[in-house]
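Student: First the structure, which I've put down as structure tokens, then a few questions once you've had a look.
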There are 2 protein chains.
Amino acid sequence: MKRVTIKDVAQEAGVSITTVSHVINQTRNIDPKTKERVLEVLNQLDYHPNMAARSLRSGKTKTIGLILPDISNLFFAEVARKIEDYGYQHGYSVILGNSDNDPVKQESYIHTLIAKQVDGVIFIAAGGEEHDLRPFFDNKIPVVVADRDVPLELADVVLLDNEQAGFEATRHLIDLGHRTIACITGPNNVTPSMQRFEGYKRALQDYGIPFQPDLVEAGNFQFMSGEVGMQKLLKNPHKPSAVFVLNDMMAIGAITAAHKAGLSVPADLSIVGFDNIEIASAVNPALTTMAQPIDDIAQKATNMLIERLQSIRTEENMRVILPAQLIVRDSTCIRRGS
Amino acid sequence: MKRVTIKDVAQEAGVSITTVSHVINQTRNIDPKTKERVLEVLNQLDYHPNMAARSLRSGKTKTIGLILPDISNLFFAEVARKIEDYGYQHGYSVILGNSDNDPVKQESYIHTLIAKQVDGVIFIAAGGEEHDLRPFFDNKIPVVVADRDVPLELADVVLLDNEQAGFEATRHLIDLGHRTIACITGPNNVTPSMQRFEGYKRALQDYGIPFQPDLVEAGNFQFMSGEVGMQKLLKNPHKPSAVFVLNDMMAIGAITAAHKAGLSVPADLSIVGFDNIEIASAVNPALTTMAQPIDDIAQKATNMLIERLQSIRTEENMRVILPAQLIVRDSTCIRRGS
DNA sequence: CTGAAAGCGCTTACAG
DNA sequence: CTGAAAGCGCTTACAG
């Protein structure tokens with residue numbers, strides 16, 4: 001069975017391909033009777049346009065590229081799901097580019113997406129310094145940078161106020177009477193992790209609590225590093241009574257380590273996470289955490305991109321900074337004896 | 001800056017576009033000197049082929065479509081990540097189609113993928129009976145059905161042996177001395193859930209344990225339904241000593257409910273999950289579960305599709321059935337008093 | 001070893 | 001209200 005083309009439809013309906021095209025795209029007034037006949041044939045032959053041909057001619061593919069570090073990370077999966085959803089609502093499909101946090105794979109995807117003529121790109125950077133988005137700009141493909149900031153002035157940006165969120169998470173612990181507050185960090189080459197850590201330090205400073213470098217354990221946003229980080233902290237002579245863990249997966253790992261060591265959370269140790277992934281409310285104890293507005297991030301990113309694509313917005317680039325929200329659950333409580 | 005085309009390259013290198021094309025695709029012997037000059041210009045002008053043009057001409061897009069119910073479900077996210085990875089290794093990009101378990105959205109994506117001329121499709125069905133994959137076959141687009149069986153003979157298929165896995169999970173509980181074994185099911189319109197439940201019933205029967213319909217609670221694979229299902233089971237007069245929960249997310253919800261009711265897992269209640277998602281080993285107690293070979297599923301599905309695309313395999317369709325593996329952790333133990 | 005040219009299936013200025 | 005035709009950027013049979 002050969003693919004049905006606009007030519008087949010024109011022939012069958014007894015009109016020109018011009019007319020068929022205009023009926024399909026509603027770009028010209030057509031005699032109602034003609035229009036009806038064409039629509040009938042379109043339906044009868046089960047015509048579907050060839051996007052390759054349309055793209056070649058119009059330069060538009062109705063496709064957006066999504067580059068992100070790892071779709072199997074719950075946070076990015078949720079973001080991807082929402083972007084897919086908003087894109088779909090506006091008639092755009094999404095090509096998925098998993099960078100695996102590998103700058104080489106990331107760059108390869110940048111060129112693939114250009115070759116595939118995506119109309120626009122939502123970019124969540126792999127770790128590291130090198131993010132050469134210029135090929136997109138050279139090809140006039142608009143880019144929205146999300147979640148992780150990139151040292152580049154040419155794109156619209158949607159970010160969380162990670163510094164302030166880190167500050168608030170830490171202040172929550174201070175408000176509960178904690179004074180020896182440890183931190184398990186994320187990768188030190190992505191801005192969310194770095195900025196949350198800055199917020200942690202600012203809160204300590206604002207409340208006159210000395211910053212102790214040995215109360216900081218380096219994690220990588222995977223839960224195993226939370227477990228390992230906590231094991232180390234439990235041996236720390238400073239005996240922290242609370243820990244700010246820079247994402248939920250690691251926080252759950254930290255709780256596991258505390259339980260294995262025979263400690264109770266929060267009675268012996270208060271723990272604050274970050275992200276508010278779906279499972280945060282299901283673990284035991286339910287996790288106190290800084291909620292990321294995932295839906296907002298995805299919606300803003302998609303909308304900003306689509307505004308560019310439809311030339312609704314042509315002025316200079318926007319930076320949207322969204323707030324996180326403290327969700328108090330059962331993994332934090334007032335420090336014993338305070 | 002205008003996009004660089006093959007014509008620009010030909011002009012700059014002083015050869016025909018035919019030659020440039022053959023250099024790019026390595027489809028003809030070219031004089032080494034000419035070839036070198038062309039490669040130089042290609043590089044110098046930073047040429048990238050226009051896939052729309054190439055697709056229009058060749059009929060191939062080097063793109064595969066991935067239709068799945070929900071990318072924010074950890075299991076599918078992991079599958080998607082692996083498919084993306086294997087696809088990438090073979091030069092294919094992935095267009096993501098989230099059906100949201102909505103047959104209408106699923107059908108819409110089927111047509112979108114056809115219009116976008118994907119070379120092949122990996123299909124994980126939304127719940128329900130209606131999966132009209134014929135448009136793909138009509139357009140000669142090969143399809144690999146994964147994870148959820150579909151009543152259709154035309155595609156290659158990669159599935160887990162869910163019935164046997166359900167049997168083994170239940171037998172594990174029986175081996176531990178449990179005789180009153182409840183079940184929290186998944187959606188009743190997808191084959192994995194239905195078949196795991198069949199395996200559960202077969203195990204009971206094989207060991208002479210009467211099947212009690214009121215020990216079955218209906219879930220939906222989301223953890224909240226595991227929590228709710230367990231709350232109901234705790235009020236059940238039959239007092240189950242073990243529960244087979246048909247996926248891990250619900251199993252974690254079930255553990256949470258047991259803890260909230262003051263019960264200990266596994267001392268008071270043994271729980272077996274299904275999937276072995278990453279977090280299964282991190283929750284407390286670590287979850288005993290049937291591990292799905294996610295990597296195998298994704299690799300088999302991608303490879304079978306690529307074999308079709310490259311006409312390595314043209315004979316009739318294959319059905320690959322993979323086994324699950326019991327991973328015993330800390331959420332199950334010998335029944336008290338047995 | 002190389003090139004001129006047809007043609008993939010559309011959209012859209014131009015013409016009437 | 002409608003149509004003939006150019007042309008988007010490639011690949012590839014045909015010719016030499």
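By convention in this document, the chains of the structure tokens carry letters A, B, ... by their order, each chain's residues are numbered from 1, and ligands are numbered from 1 in the order they are shown.
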Please identify all polymer residues within 6 Å of stretch 151-157 of chain A, counting only C-alpha atoms (C1' of nucleotides), omitting same-chain residues fewer than 6 positions from it, and present them as a short mmCIF file (atom, residue, chain, number, x, y, z; two decimals) with N, CA and C atoms, in the first residue's frame.
Tutor:
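Dumped to result.cif:
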data_model
loop_
_atom_site.label_atom_id
_atom_site.label_comp_id
_atom_site.auth_asym_id
_atom_site.auth_seq_id
_atom_site.Cartn_x
_atom_site.Cartn_y
_atom_site.Cartn_z
N VAL A 143 16.39 28.76 22.23
CA VAL A 143 16.70 27.83 23.31
C VAL A 143 16.17 28.40 24.63
N VAL A 144 15.56 27.54 25.42
CA VAL A 144 15.23 27.91 26.79
C VAL A 144 16.07 27.03 27.71
N VAL A 145 16.84 27.68 28.57
CA VAL A 145 17.66 26.96 29.53
C VAL A 145 16.84 26.78 30.81
N ASN A 317 16.05 38.47 25.99
CA ASN A 317 15.80 37.25 26.76
C ASN A 317 15.28 37.51 28.17
N MET A 318 14.50 36.56 28.63
CA MET A 318 13.92 36.65 29.97
C MET A 318 14.63 35.70 30.91
N ARG A 319 14.69 36.10 32.15
CA ARG A 319 15.13 35.18 33.22
C ARG A 319 13.99 35.07 34.21
#
Student: Quick one: contact table of chain C to chain B, 10 Å max, nearest atom pair and distance in Å to one decimal per residue, counting only C-alpha atoms (C1' of nucleotides), chain and number order, as JSON lines?
Tutor:
{"residue": "C:DC1", "atom": "C1'", "partner": "B:Ile30", "partner_atom": "CA", "distance": 6.3}
{"residue": "C:DT2", "atom": "C1'", "partner": "B:Thr19", "partner_atom": "CA", "distance": 7.2}
{"residue": "C:DG3", "atom": "C1'", "partner": "B:Ser16", "partner_atom": "CA", "distance": 6.1}
{"residue": "C:DA4", "atom": "C1'", "partner": "B:Ser16", "partner_atom": "CA", "distance": 9.0}
{"residue": "C:DG7", "atom": "C1'", "partner": "B:Arg57", "partner_atom": "CA", "distance": 8.1}
{"residue": "C:DC8", "atom": "C1'", "partner": "B:Arg57", "partner_atom": "CA", "distance": 4.4}
{"residue": "C:DG9", "atom": "C1'", "partner": "B:Leu56", "partner_atom": "CA", "distance": 7.4}
{"residue": "C:DC10", "atom": "C1'", "partner": "B:Leu56", "partner_atom": "CA", "distance": 9.8}
Student: Under the rule of at most 8 Å, produce a per-residue listing of chain A near chain B: chain, number, name, the closest pair of atoms, and the distance in Å, as CSV, using only C-alpha atoms.
Tutor:
residue,atom,partner,partner_atom,distance
A:Met1,CA,B:Asp138,CA,6.5
A:Lys2,CA,B:Asn139,CA,7.6
A:Arg3,CA,B:Asn139,CA,6.6
A:His48,CA,B:Ala115,CA,5.9
A:Pro49,CA,B:Ala115,CA,5.7
A:Asn50,CA,B:Ala115,CA,5.2
A:Met51,CA,B:Lys116,CA,5.2
A:Ala52,CA,B:Ala52,CA,4.7
A:Ala53,CA,B:Leu56,CA,5.8
A:Ser55,CA,B:Ala52,CA,6.1
A:Leu56,CA,B:Ala52,CA,5.4
A:Asp70,CA,B:Arg81,CA,7.3
A:Ile71,CA,B:Arg81,CA,5.8
A:Ser72,CA,B:Ala77,CA,4.9
A:Asn73,CA,B:Ala77,CA,7.9
A:Leu74,CA,B:Ser72,CA,6.7
A:Ala77,CA,B:Ser72,CA,4.9
A:Glu78,CA,B:Ser72,CA,4.9
A:Ala80,CA,B:Ile71,CA,7.6
A:Arg81,CA,B:Ile71,CA,5.8
A:Glu84,CA,B:Asn98,CA,7.2
A:Asp85,CA,B:Asn98,CA,7.7
A:Ser93,CA,B:Ile95,CA,7.0
A:Val94,CA,B:Ile95,CA,5.7
A:Ile95,CA,B:Ile95,CA,4.4
A:Leu96,CA,B:Val94,CA,5.8
A:Gly97,CA,B:Glu84,CA,7.7
A:Asn98,CA,B:Glu84,CA,7.1
A:His111,CA,B:His48,CA,7.6
A:Ile114,CA,B:His48,CA,7.7
A:Ala115,CA,B:Asn50,CA,5.3
A:Lys116,CA,B:Met51,CA,5.1
A:Gln117,CA,B:Asn50,CA,7.1
A:Asp138,CA,B:Met1,CA,6.5
A:Asn139,CA,B:Arg3,CA,6.5
A:Phe223,CA,B:Ala282,CA,7.6
A:Ile252,CA,B:Ala282,CA,7.2
A:Gly253,CA,B:Ala282,CA,6.1
A:Thr256,CA,B:Asn284,CA,6.3
A:His259,CA,B:Asn284,CA,7.9
A:Ile279,CA,B:Phe223,CA,8.0
A:Ala282,CA,B:Gly253,CA,6.2
A:Val283,CA,B:Thr256,CA,6.7
A:Asn284,CA,B:Thr256,CA,6.3
Student: List every residue of stretch 44-179 of chain B that DSSP, applied to the backbone of this structure, assigns to strand (DSSP E or B), and report them as a short mmCIF file (atom, residue, chain, number, x, y, z; two decimals) with N, CA and C atoms, in the first residue's frame.
Tutor:
data_model
loop_
_atom_site.label_atom_id
_atom_site.label_comp_id
_atom_site.auth_asym_id
_atom_site.auth_seq_id
_atom_site.Cartn_x
_atom_site.Cartn_y
_atom_site.Cartn_z
N THR B 63 14.82 8.05 12.99
CA THR B 63 14.09 8.42 14.20
C THR B 63 13.16 7.28 14.56
N ILE B 64 13.09 6.93 15.82
CA ILE B 64 12.10 5.95 16.24
C ILE B 64 11.13 6.61 17.22
N GLY B 65 9.90 6.16 17.15
CA GLY B 65 8.88 6.67 18.06
C GLY B 65 8.77 5.76 19.26
N LEU B 66 8.57 6.37 20.41
CA LEU B 66 8.39 5.57 21.63
C LEU B 66 7.08 6.01 22.28
N ILE B 67 6.11 5.11 22.24
CA ILE B 67 4.83 5.40 22.87
C ILE B 67 4.78 4.63 24.18
N LEU B 68 4.54 5.33 25.25
CA LEU B 68 4.44 4.66 26.55
C LEU B 68 3.43 5.40 27.42
N SER B 93 17.41 8.80 16.79
CA SER B 93 16.86 9.59 17.88
C SER B 93 15.46 9.07 18.21
N VAL B 94 14.99 9.50 19.36
CA VAL B 94 13.71 9.01 19.87
C VAL B 94 12.72 10.16 20.04
N ILE B 95 11.55 10.01 19.44
CA ILE B 95 10.46 10.94 19.71
C ILE B 95 9.59 10.32 20.80
N LEU B 96 9.36 11.09 21.83
CA LEU B 96 8.67 10.59 23.01
C LEU B 96 7.17 10.83 22.90
N GLY B 97 6.39 9.78 23.04
CA GLY B 97 4.93 9.91 23.02
C GLY B 97 4.33 9.36 24.31
N ASN B 98 4.00 10.26 25.19
CA ASN B 98 3.39 9.91 26.47
C ASN B 98 1.89 9.75 26.23
N GLY B 120 10.53 3.44 12.80
CA GLY B 120 9.98 2.32 13.55
C GLY B 120 9.44 2.81 14.87
N VAL B 121 8.75 1.92 15.57
CA VAL B 121 8.07 2.32 16.81
C VAL B 121 8.24 1.25 17.87
N ILE B 122 8.51 1.69 19.09
CA ILE B 122 8.42 0.80 20.24
C ILE B 122 7.18 1.22 21.02
N PHE B 123 6.33 0.25 21.27
CA PHE B 123 4.98 0.55 21.75
C PHE B 123 4.71 -0.13 23.09
N VAL B 143 6.88 -2.28 14.18
CA VAL B 143 6.54 -1.99 15.56
C VAL B 143 7.04 -3.12 16.45
N VAL B 144 7.63 -2.76 17.57
CA VAL B 144 7.93 -3.73 18.61
C VAL B 144 7.05 -3.41 19.81
N VAL B 145 6.27 -4.37 20.23
CA VAL B 145 5.41 -4.20 21.40
C VAL B 145 6.19 -4.66 22.63
N ALA B 146 6.24 -3.82 23.67
CA ALA B 146 7.01 -4.17 24.86
C ALA B 146 6.15 -4.10 26.11
N ASP B 156 6.60 -7.61 16.47
CA ASP B 156 7.50 -8.31 17.38
C ASP B 156 7.11 -7.92 18.80
N VAL B 157 7.42 -8.81 19.73
CA VAL B 157 6.96 -8.59 21.10
C VAL B 157 8.08 -8.94 22.08
N VAL B 158 8.26 -8.10 23.09
CA VAL B 158 9.16 -8.39 24.21
C VAL B 158 8.38 -8.26 25.50
N LEU B 159 8.26 -9.36 26.22
CA LEU B 159 7.46 -9.32 27.44
C LEU B 159 8.19 -10.00 28.57
N LEU B 160 7.74 -9.67 29.77
CA LEU B 160 8.17 -10.41 30.94
C LEU B 160 7.21 -11.58 31.12
#
Student: Let's see if you can do this: from backbone DSSP, list all alpha helix (DSSP H) residues in stretch 108-311 of chain A, as a PyMOL selection string.
Tutor: chain A and resi 108-115+134-138+162-175+191-206+223-234+248-260+294-309
Student: Would you save the residues of that selection, restricted to C-alpha atoms, as a PDB file, in the first residue's frame?
Tutor:
ATOM      1  CA  SER A 108      26.473  15.313  19.696  1.00  0.00           C
ATOM      2  CA  TYR A 109      22.794  15.808  20.465  1.00  0.00           C
ATOM      3  CA  ILE A 110      23.077  19.505  19.815  1.00  0.00           C
ATOM      4  CA  HIS A 111      24.148  18.715  16.266  1.00  0.00           C
ATOM      5  CA  THR A 112      21.588  15.958  15.854  1.00  0.00           C
ATOM      6  CA  LEU A 113      18.809  18.313  16.861  1.00  0.00           C
ATOM      7  CA  ILE A 114      20.034  20.921  14.418  1.00  0.00           C
ATOM      8  CA  ALA A 115      20.181  18.341  11.650  1.00  0.00           C
ATOM      9  CA  ARG A 134      26.110  28.739  19.818  1.00  0.00           C
ATOM     10  CA  PRO A 135      25.346  26.228  17.070  1.00  0.00           C
ATOM     11  CA  PHE A 136      21.679  26.641  17.971  1.00  0.00           C
ATOM     12  CA  PHE A 137      21.905  30.415  17.771  1.00  0.00           C
ATOM     13  CA  ASP A 138      23.841  30.236  14.531  1.00  0.00           C
ATOM     14  CA  ASN A 162      18.129  27.577  44.808  1.00  0.00           C
ATOM     15  CA  GLU A 163      20.156  29.873  47.027  1.00  0.00           C
ATOM     16  CA  GLN A 164      17.105  31.210  48.811  1.00  0.00           C
ATOM     17  CA  ALA A 165      15.619  27.715  49.036  1.00  0.00           C
ATOM     18  CA  GLY A 166      18.816  26.396  50.617  1.00  0.00           C
ATOM     19  CA  PHE A 167      18.645  29.293  53.044  1.00  0.00           C
ATOM     20  CA  GLU A 168      15.069  28.517  54.023  1.00  0.00           C
ATOM     21  CA  ALA A 169      15.655  24.807  54.466  1.00  0.00           C
ATOM     22  CA  THR A 170      18.536  25.552  56.792  1.00  0.00           C
ATOM     23  CA  ARG A 171      16.608  28.249  58.648  1.00  0.00           C
ATOM     24  CA  HIS A 172      13.830  25.735  59.265  1.00  0.00           C
ATOM     25  CA  LEU A 173      16.344  23.573  61.116  1.00  0.00           C
ATOM     26  CA  ILE A 174      17.743  26.543  63.001  1.00  0.00           C
ATOM     27  CA  ASP A 175      14.218  27.582  63.998  1.00  0.00           C
ATOM     28  CA  THR A 191      24.369  25.338  39.787  1.00  0.00           C
ATOM     29  CA  PRO A 192      21.411  23.992  41.779  1.00  0.00           C
ATOM     30  CA  SER A 193      23.692  22.041  44.073  1.00  0.00           C
ATOM     31  CA  MET A 194      26.216  24.856  44.391  1.00  0.00           C
ATOM     32  CA  GLN A 195      23.573  27.471  45.129  1.00  0.00           C
ATOM     33  CA  ARG A 196      21.679  25.399  47.681  1.00  0.00           C
ATOM     34  CA  PHE A 197      24.952  24.993  49.479  1.00  0.00           C
ATOM     35  CA  GLU A 198      25.510  28.766  49.359  1.00  0.00           C
ATOM     36  CA  GLY A 199      22.086  29.252  50.930  1.00  0.00           C
ATOM     37  CA  TYR A 200      23.017  26.796  53.673  1.00  0.00           C
ATOM     38  CA  LYS A 201      26.150  28.761  54.458  1.00  0.00           C
ATOM     39  CA  ARG A 202      24.332  32.098  54.410  1.00  0.00           C
ATOM     40  CA  ALA A 203      21.742  30.832  56.897  1.00  0.00           C
ATOM     41  CA  LEU A 204      24.436  29.640  59.283  1.00  0.00           C
ATOM     42  CA  GLN A 205      26.174  32.960  59.010  1.00  0.00           C
ATOM     43  CA  ASP A 206      22.995  35.007  59.459  1.00  0.00           C
ATOM     44  CA  PHE A 223      20.481   7.927  46.971  1.00  0.00           C
ATOM     45  CA  MET A 224      23.466   5.714  47.610  1.00  0.00           C
ATOM     46  CA  SER A 225      25.649   8.749  48.168  1.00  0.00           C
ATOM     47  CA  GLY A 226      23.117   9.946  50.741  1.00  0.00           C
ATOM     48  CA  GLU A 227      23.469   6.702  52.628  1.00  0.00           C
ATOM     49  CA  VAL A 228      27.253   6.816  52.483  1.00  0.00           C
ATOM     50  CA  GLY A 229      27.338  10.501  53.425  1.00  0.00           C
ATOM     51  CA  MET A 230      25.198   9.868  56.456  1.00  0.00           C
ATOM     52  CA  GLN A 231      27.350   6.955  57.573  1.00  0.00           C
ATOM     53  CA  LYS A 232      30.325   9.278  57.584  1.00  0.00           C
ATOM     54  CA  LEU A 233      28.439  11.994  59.446  1.00  0.00           C
ATOM     55  CA  LEU A 234      27.427   9.528  62.142  1.00  0.00           C
ATOM     56  CA  ASP A 248      15.283  13.835  48.262  1.00  0.00           C
ATOM     57  CA  MET A 249      16.846  10.698  46.842  1.00  0.00           C
ATOM     58  CA  MET A 250      19.939  11.249  48.965  1.00  0.00           C
ATOM     59  CA  ALA A 251      17.764  12.251  51.936  1.00  0.00           C
ATOM     60  CA  ILE A 252      16.002   8.898  51.738  1.00  0.00           C
ATOM     61  CA  GLY A 253      19.391   7.213  51.640  1.00  0.00           C
ATOM     62  CA  ALA A 254      20.399   9.248  54.681  1.00  0.00           C
ATOM     63  CA  ILE A 255      17.315   8.136  56.588  1.00  0.00           C
ATOM     64  CA  THR A 256      18.093   4.528  55.725  1.00  0.00           C
ATOM     65  CA  ALA A 257      21.618   4.900  57.086  1.00  0.00           C
ATOM     66  CA  ALA A 258      20.318   6.493  60.282  1.00  0.00           C
ATOM     67  CA  HIS A 259      17.845   3.684  60.796  1.00  0.00           C
ATOM     68  CA  LYS A 260      20.493   1.048  60.185  1.00  0.00           C
ATOM     69  CA  ILE A 294       8.074  21.158  38.682  1.00  0.00           C
ATOM     70  CA  ASP A 295       4.888  21.882  36.855  1.00  0.00           C
ATOM     71  CA  ASP A 296       5.635  25.625  36.823  1.00  0.00           C
ATOM     72  CA  ILE A 297       9.166  25.061  35.598  1.00  0.00           C
ATOM     73  CA  ALA A 298       8.010  22.837  32.757  1.00  0.00           C
ATOM     74  CA  GLN A 299       5.105  25.065  31.830  1.00  0.00           C
ATOM     75  CA  LYS A 300       7.150  28.267  31.890  1.00  0.00           C
ATOM     76  CA  ALA A 301       9.916  26.681  29.862  1.00  0.00           C
ATOM     77  CA  THR A 302       7.541  25.307  27.249  1.00  0.00           C
ATOM     78  CA  ASN A 303       5.496  28.479  27.037  1.00  0.00           C
ATOM     79  CA  MET A 304       8.519  30.723  26.723  1.00  0.00           C
ATOM     80  CA  LEU A 305       9.810  28.545  23.921  1.00  0.00           C
ATOM     81  CA  ILE A 306       6.512  28.450  22.091  1.00  0.00           C
ATOM     82  CA  GLU A 307       6.175  32.224  22.391  1.00  0.00           C
ATOM     83  CA  ARG A 308       9.505  32.509  20.621  1.00  0.00           C
ATOM     84  CA  LEU A 309       8.515  29.997  17.962  1.00  0.00           C
TER      85      LEU A 309
END
Student: Any idea what the distance is between atom C1' of C:DG16 and atom CA of A:Arg37?
Tutor: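 Taking atom C1' of C:DG16 and atom CA of A:Arg37, their separation equals 23.6 Å.
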Student: Go ahead and compute the interatomic distance for atom CA of B:Pro266 and atom CA of B:Asp330, in Å to one decimal.
Tutor: 7.0 Å
